[in-house]
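Only one structure is covered here, and it is reproduced in the block below.
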There are 2 protein chains.
Amino acid sequence: MPTPKTQKRDKHYGKWFRNILINAEILDYRYPIKGCGVWLPYGYKIRKHVTSLLRKLHDATGHDEVRFPTIVTETNLRKEATHIKDFENEVFWITHGGLKPLEVKYALRPTSETAIYPMLQIWIRSHADLPKKLYQIGSVFRYETKTTRPIIRVREVTTFKEAHTSHATLKDAEAQIRDATKIYKDFFDTCGVPYVISRRPDWDKFPGALYSLSFDAIMPDGRTLQSGTVHNLGQNFSKAFNIKYETLEGTHEYIWQTCYGISERGIGALLSVHGDDNGIVLMPLLAPIQVIVIPIPHKASRQLITETCKQVAKRLSLNFRVEVDWREEITPGAKFFYWELRGVPIRIEIGPKDVQKKQVILVRRDTFEKEACKISDLSSRLPLLINEMSMELREKAWKQMKKRIYRVADLEKANQLLKKRAGIVELLWCGDGKCGHELEEQVNATLLGTPVDVKKKIEGKCIVCGRKASGLVRLAIAY
Amino acid sequence: MPTPKTQKRDKHYGKWFRNILINAEILDYRYPIKGCGVWLPYGYKIRKHVTSLLRKLHDATGHDEVRFPTIVTETNLRKEATHIKDFENEVFWITHGGLKPLEVKYALRPTSETAIYPMLQIWIRSHADLPKKLYQIGSVFRYETKTTRPIIRVREVTTFKEAHTSHATLKDAEAQIRDATKIYKDFFDTCGVPYVISRRPDWDKFPGALYSLSFDAIMPDGRTLQSGTVHNLGQNFSKAFNIKYETLEGTHEYIWQTCYGISERGIGALLSVHGDDNGIVLMPLLAPIQVIVIPIPHKASRQLITETCKQVAKRLSLNFRVEVDWREEITPGAKFFYWELRGVPIRIEIGPKDVQKKQVILVRRDTFEKEACKISDLSSRLPLLINEMSMELREKAWKQMKKRIYRVADLEKANQLLKKRAGIVELLWCGDGKCGHELEEQVNATLLGTPVDVKKKIEGKCIVCGRKASGLVRLAIAY
């Protein structure tokens with residue numbers, strides 16, 4: 001087994017990420033079509049734990065899982081005018097069935113509003129049908145013309161969790177936006193991925209939405225990754241798709257809608273935020289293997305070591321996902337390296353001295369801290385250790401992110417910080433689109449939006465025009 | 001709530017099936033694109049239990065789950081000559097990305113050989129990489145020109161489990177065919193869906209295969225449904241995709257491959273085989289709700305009944321998927337009807353007399369048999385009852401199927417039976433393609449193939465040419 005090349009995560013993040021995906025057997029990006037990758041067995045298992053978490057969070061909050069077709073008709077895709085305008089340039093078009101041209105073109109769904117809403121029009125009749133909260137996890141497709149990057153910017157997004165909700169009133173839709181934000185916080189908190197939440201500027205909201213909120217994480221190279229979005233669609237789509245309900249009073253009103261999505265970028269953030277130069281570091285809850293047991297070979301104690309490994313693995317497997325690495329053709333050192341690369345949270349080493357002392361050595365993947373633990377104490381110690389590790393991973397990530405958010409008062413400073421990809425800069429802004437665009441141009445960065453997670457109102461003047469500021473605005477070099 | 005129209009299953013099977021899908025909230029087929037349906041929340045849950053079973057069976061036998069892209073290049077689709085020849089007429093072609101024509105056309109995968117095998121060419125280097133057993137569950141697409149039918153014949157097959165295995169020798173591939181057959185038997189046996197296994201005639205094997213085995217079930221209308229297929233691909237694809245491995249001796253050989261698939265037709269068979277005029281009947285293991293508790297309202301005992309329902313549901317939920325139907329706006333009778341339609345295996349009724357006697361009434365969905373059961377005995381009785389029901393469902397289905405297989409000695413009899421859709425006829429055949437085609441024409445039916453599940457060798461003469469028969473052959477009106 002040749003030793004895979006690793007990279008310094010912070011110095012060469014792009015390369016690090018690409019190498020990690022192949023070397024840790026997560027995703028193979030050498031598929032013959034640009035922007036399409038293959039989830040490998042180990043990566044697929046990580047994906048499964050992440051999607052299970054998403055399912056759990058949505059099921060627990062009254063969402064029903066469904067599965068809509070992958071293709072939509074051109075007619076439906078065109079119904080909401082701003083929606084098609086934004087997606088027109090990045091839709092894959094199906095024009096032929098077999099050898100014959102189709103009468104109406106089909107598109108691979110770029111997102112599923114136009115697949116789902118024609119059915120809502122059939123299903124929703126009265127106020128009793130509301131609220132309706134649906135979600136699905138599947139593929140969406142974008143013909144990306146920008147540089148594609150595995151997981152981060154792809155042509156087939158294989159893991160798009162999208163929820164679509166229908167409500168009787170704007171107030172209900174607003175409440176759902178808060179619920180959705182809470183669900184997404186829970187999701188990223190469980191992943192230990194820190195985020196800022198911003199209200200996207202009007203010119204960059206989801207096509208067809210009243211407004212959009214975005215969860216942005218900061219990647220190791222200082223660029224931000226939009227990892228989740230929450231949209232209030234108002235009645236834009238319900239009017240386009242003619243989705244009405246009968247009120248208690250017998251009148252007919254258009255429904256109010258929201259939608260919110262998290263893609264495999266969530267997995268990308270998870271891998272990037274906790275990883276280090278040795279590989280990925282998985283949050284224990286989401287790790288396919290939580291504990292890897294490695295026997296340290298020793299001729300005289302061979303049988304005893306084998307027995308102890310088996311016994312320890314068996315006992316722990318009641319509560320954890322445990323495996324023993326029995327391979328004989330490679331050294332313990334090579335095994336350490338192998339499982340570190342793959343981010344297994346806890347390593348257990350069992351050697352000749354350990355079996356004598358009836359103990360094992362526990363090693364944390366994130367800190368490499370070692371501790372001896374009596375076998376009789378293992379069942380009580382391991383859950384604590386895993387809990388400590390999860391908490392510390394999360395805290396460390398939040399601390400790192402917070403250090404990369406800069407509140408600045410002048411454009412030159414902003415420019416400097418963004419040029420060296422320091423992270424996110426927060427500036428005062430009047431809220432005017434013209435100033436926003438000028439800001440983006442002057443610092444050559446993306447306006448993420450205005451903070452919705454900063455409670456305190458900041459007073460001052462717009463950094464561009466000098467008028468009274470309406471509040472902070474965030475800018476960053478975004479993926 | 002209007003009462004949904006039911007149909008006699010055996011008299012109007014097609015209508016019955018369509019109605020059941022909508023009324024039991026399994027699948028909505030009113031999507032604007034022909035041959036595409038929407039899995040509804042309840043149907044999605046059934047699908048989830050079925051796919052979990054498939055995952056369990058494949059994971060337990062050394063298969064790794066992966067996820068390949070949905071689109072393939074025209075170049076790769078064309079590599080295996082017979083493969084493209086068969087699929088050419090039923091592939092959806094993507095010709096445009098955004099507003100621009102693509103340089104190379106893409107196809108929506110009709111099955112995933114041509115997506116997976118270019119990657120095997122990268123991954124497989126030496127004998128140490130073999131065997132390699134991969135599977136995935138996802139969508140495949142066929143531009144069906146025949147009449148589409150929900151679940152049975154669709155343009156987007158949303159639930160295609162396909163496994164692809166690579167081996168060093170033909171012998172290993174043959175052993176894998178036996179393993180795959182065993183997995184599929186386990187799958188259908190757990191679903192209680194009876195089947196015959198036949199070796200498909202050469203002119204109807206999977207395009208690119210050496211030979212194909214097929215699992216066929218008999219639907220209530222006497223037509224057969226091909227519900228699972230197992231293919232030995234030999235070296236046809238490995239030669240087309242140049243997939244070689246280095247042997248122990250240092251030579252380079254093409255790998256031997258197999259593939260096998262089960263689609264949502266498996267779910268269609270499950271629903272059809274056990275269903276009756278009142279709706280579907282779910283195998284308990286695969287039921288989203290295994291036990292539905294229905295309080296029988298009674299003014300004086302109201303509180304006691306409510307408490308008992310809660311207590312019973314809570315206790316049973318440790319081992320079963322249980323719900324209580326608390327709705328007050330509909331009668332118990334309407335609830336019985338509602339859950340019968342949805343196939344919930346066991347109903348528990350709790351009324352005033354029952355709470356007095358500290359008992360509940362258990363009702364089996366399949367037989368409608370009622371029995372009183374002391375609450376204190378429930379935890380021991382319910383598992384037995386569910387087990388009895390599962391076994392009897394399976395046995396009954398097998399008995400019914402066996403009655404519909406006819407071994408006949410003359411063509412006229414075969415013709416009669418097939419004309420009235422009696423089921424499968426078995427005839428003696430010389431094995432010659434010419435006779436096979438003539439047979440198909442004369443009885444206007446599909447030749448399913450030669451039995452691989454009938455051990456005993458049957459002697460006699462070919463029904464067409466009178467030469468010595470090589471054995472039995474099966475014919476049926478197939479979906």
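Each chain of the structure tokens is named A, B, ... in the order shown, its residues numbered from 1; ligands are numbered from 1 in display order.
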
Shell around region 237-241 of chain B at 6 Å using only C-alpha atoms, local window under 5 positions removed, as a list of chain:residue names =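 Selected residues are B:Lys79, B:Glu80, B:Tyr254, B:Ile255.
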
inquiry  = Could you tell me which residues of chain B sit within 6 Å of chain A when counting only C-alpha atoms, and give me the result as a ChimeraX atom specification?
reply    = /B:38-41,44,64-68,88-94,96-99,143

Could you dump the residues just selected with C-alpha atoms as a PDB file, in the first residue's frame?
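Result file out.pdb:
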ATOM      1  CA  VAL B  38     -44.432  11.093  -6.610  1.00  0.00           C
ATOM      2  CA  TRP B  39     -43.785   8.915  -3.581  1.00  0.00           C
ATOM      3  CA  LEU B  40     -46.145  10.195  -0.880  1.00  0.00           C
ATOM      4  CA  PRO B  41     -45.192  10.166   2.808  1.00  0.00           C
ATOM      5  CA  TYR B  44     -42.103   6.631   1.028  1.00  0.00           C
ATOM      6  CA  ASP B  64     -20.364  -1.932  -0.398  1.00  0.00           C
ATOM      7  CA  GLU B  65     -22.902   0.800  -1.049  1.00  0.00           C
ATOM      8  CA  VAL B  66     -21.790   3.569  -3.401  1.00  0.00           C
ATOM      9  CA  ARG B  67     -23.398   6.324  -5.422  1.00  0.00           C
ATOM     10  CA  PHE B  68     -22.569   6.947  -9.055  1.00  0.00           C
ATOM     11  CA  GLU B  88     -30.694   3.347 -27.899  1.00  0.00           C
ATOM     12  CA  ASN B  89     -34.425   3.629 -28.401  1.00  0.00           C
ATOM     13  CA  GLU B  90     -35.227   4.245 -24.780  1.00  0.00           C
ATOM     14  CA  VAL B  91     -32.634   6.664 -23.515  1.00  0.00           C
ATOM     15  CA  PHE B  92     -33.298  10.255 -22.512  1.00  0.00           C
ATOM     16  CA  TRP B  93     -30.672  12.427 -24.184  1.00  0.00           C
ATOM     17  CA  ILE B  94     -29.320  15.633 -22.694  1.00  0.00           C
ATOM     18  CA  HIS B  96     -27.919  21.290 -23.962  1.00  0.00           C
ATOM     19  CA  GLY B  97     -26.285  22.817 -20.908  1.00  0.00           C
ATOM     20  CA  GLY B  98     -27.989  26.133 -20.322  1.00  0.00           C
ATOM     21  CA  LEU B  99     -28.527  27.770 -23.684  1.00  0.00           C
ATOM     22  CA  TYR B 143     -38.028   6.454 -22.379  1.00  0.00           C
TER      23      TYR B 143
END

task = Using only C-alpha atoms, determine which residues lie at most 7 Å from Arg265 (chain A), disregarding the query and same-chain residues fewer than 6 positions distant; provide the list as a list of chain:residue names.
result =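 Here the answer would be A:Ile151, A:Ile152, A:Ser227.
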
Would you save the residues of that selection, restricted to N, CA and C atoms, as an mmCIF file, in the first residue's frame?
data_model
loop_
_atom_site.group_PDB
_atom_site.id
_atom_site.type_symbol
_atom_site.label_atom_id
_atom_site.label_comp_id
_atom_site.auth_asym_id
_atom_site.auth_seq_id
_atom_site.Cartn_x
_atom_site.Cartn_y
_atom_site.Cartn_z
ATOM 1 N N ILE A 151 -17.694 18.392 -4.424
ATOM 2 C CA ILE A 151 -18.602 18.666 -3.304
ATOM 3 C C ILE A 151 -18.993 20.145 -3.226
ATOM 4 N N ILE A 152 -18.068 21.042 -3.501
ATOM 5 C CA ILE A 152 -18.272 22.479 -3.292
ATOM 6 C C ILE A 152 -19.048 23.124 -4.443
ATOM 7 N N SER A 227 -23.577 27.189 3.078
ATOM 8 C CA SER A 227 -23.823 25.772 3.356
ATOM 9 C C SER A 227 -25.285 25.448 3.602
#

message = For Leu271 (chain B), find every residue with an atom within 8 Å (counting only C-alpha atoms), except residues of its own chain fewer than 2 positions away, and show them as number ranges by chain.
response = B: 267-269, 273-275, 280-282
